[in-house]
Amino acid sequence: REEQAGLEKEIRCAETDVAHHEKLLSDPDQYGDYNRLQALNRDLNAAQKRLARLLGRWEEVSLELEQVQGGGQQH
C-alpha cells in the first residue's frame with residue numbers, strides 16, 4: 001500500500017509536469033524560438049514517458065495488492 005500511495009503522489013507530479021510543458025508549448029510567445037521549442041518538446045516527451053512508466057507500475061502494484069487482499073479466492 002505504501003508503494004501504491006507513493007506512486008500515486010509521483011503520478012500527480014508527473015501529470016502536473018506534462019500539463020506544464022503542454023501549456024508552455026501552446027504559448028504563442030514560444031513560437032519564435034526554435035531551440036526553445038525543441039527543448040520543451042524533448043522535456044514533454046520525457047515527462048510523458050515517465051508518466052506512462054509510473055502508471056504501468058501503479059497498475060502492477062494495484063493488481064498485486066488486489067490479489068493479496070483477495071487471498072487468491074475466486075468467486
# chains A, B, ... in the order shown; residues from 1 in each chain; ligands from 1
$ residues_around --residues "range 49-64 of chain A" --least-positions-apart "3" --cutoff "6 Å" --atoms "only C-alpha atoms" --output "MDAnalysis selection string"
chainID A and resid 14 46 67
$ write_last_selection --atoms "all heavy atoms" --output "short mmCIF file (atom, residue, chain, number, x, y, z; two decimals), in the first residue's frame"
data_model
loop_
_atom_site.label_atom_id
_atom_site.label_comp_id
_atom_site.auth_asym_id
_atom_site.auth_seq_id
_atom_site.Cartn_x
_atom_site.Cartn_y
_atom_site.Cartn_z
N ALA A 14 3.91 13.96 -12.02
CA ALA A 14 4.20 13.76 -13.44
C ALA A 14 3.09 14.35 -14.31
O ALA A 14 3.36 14.95 -15.35
CB ALA A 14 4.39 12.28 -13.74
N ALA A 46 9.79 13.36 -22.42
CA ALA A 46 10.37 12.69 -21.25
C ALA A 46 9.34 12.60 -20.13
O ALA A 46 9.21 11.56 -19.47
CB ALA A 46 11.62 13.42 -20.78
N GLN A 67 -4.70 -9.01 -5.40
CA GLN A 67 -4.56 -10.45 -5.23
C GLN A 67 -4.29 -10.81 -3.78
O GLN A 67 -4.84 -11.77 -3.26
CB GLN A 67 -3.43 -10.99 -6.13
CG GLN A 67 -3.79 -10.97 -7.59
CD GLN A 67 -2.62 -11.38 -8.47
OE1 GLN A 67 -1.48 -11.46 -8.01
NE2 GLN A 67 -2.90 -11.60 -9.74
#
$ residues_around --residues "Leu24 in chain A" --least-positions-apart "6" --cutoff "9 Å" --atoms "only C-alpha atoms" --output "number ranges by chain"
A: 30, 37, 40
$ residues_around --residues "Leu25 in chain A" --least-positions-apart "6" --cutoff "12 Å" --atoms "only C-alpha atoms" --output "short mmCIF file (atom, residue, chain, number, x, y, z; two decimals) with C-alpha atoms, in the first residue's frame"
data_model
loop_
_atom_site.label_atom_id
_atom_site.label_comp_id
_atom_site.auth_asym_id
_atom_site.auth_seq_id
_atom_site.Cartn_x
_atom_site.Cartn_y
_atom_site.Cartn_z
CA VAL A 18 3.13 17.11 -18.52
CA ALA A 19 0.41 19.76 -18.26
CA TYR A 31 6.96 30.06 -31.33
CA GLY A 32 9.79 32.37 -32.35
CA ASP A 33 12.47 30.37 -30.54
CA TYR A 34 13.01 27.10 -32.40
CA ARG A 36 13.38 26.54 -27.00
CA LEU A 37 10.52 24.67 -28.72
CA GLN A 38 12.77 21.68 -29.34
CA ALA A 39 13.86 21.64 -25.70
CA LEU A 40 10.27 21.95 -24.47
CA ASN A 41 9.19 19.14 -26.78
CA ARG A 42 12.00 16.89 -25.51
CA ASP A 43 11.03 17.69 -21.93
CA LEU A 44 7.37 16.97 -22.69
CA ASN A 45 8.23 13.62 -24.26
#
$ atom_distance --atom1 "CA of Gly6 in chain A" --atom2 "CA of Gln48 in chain A"
18.3 Å
$ atom_distance --atom1 "CA of Gln69 in chain A" --atom2 "CA of Arg1 in chain A"
10.7 Å
$ atom_distance --atom1 "CA of Ala47 in chain A" --atom2 "CA of Ser26 in chain A"
16.1 Å
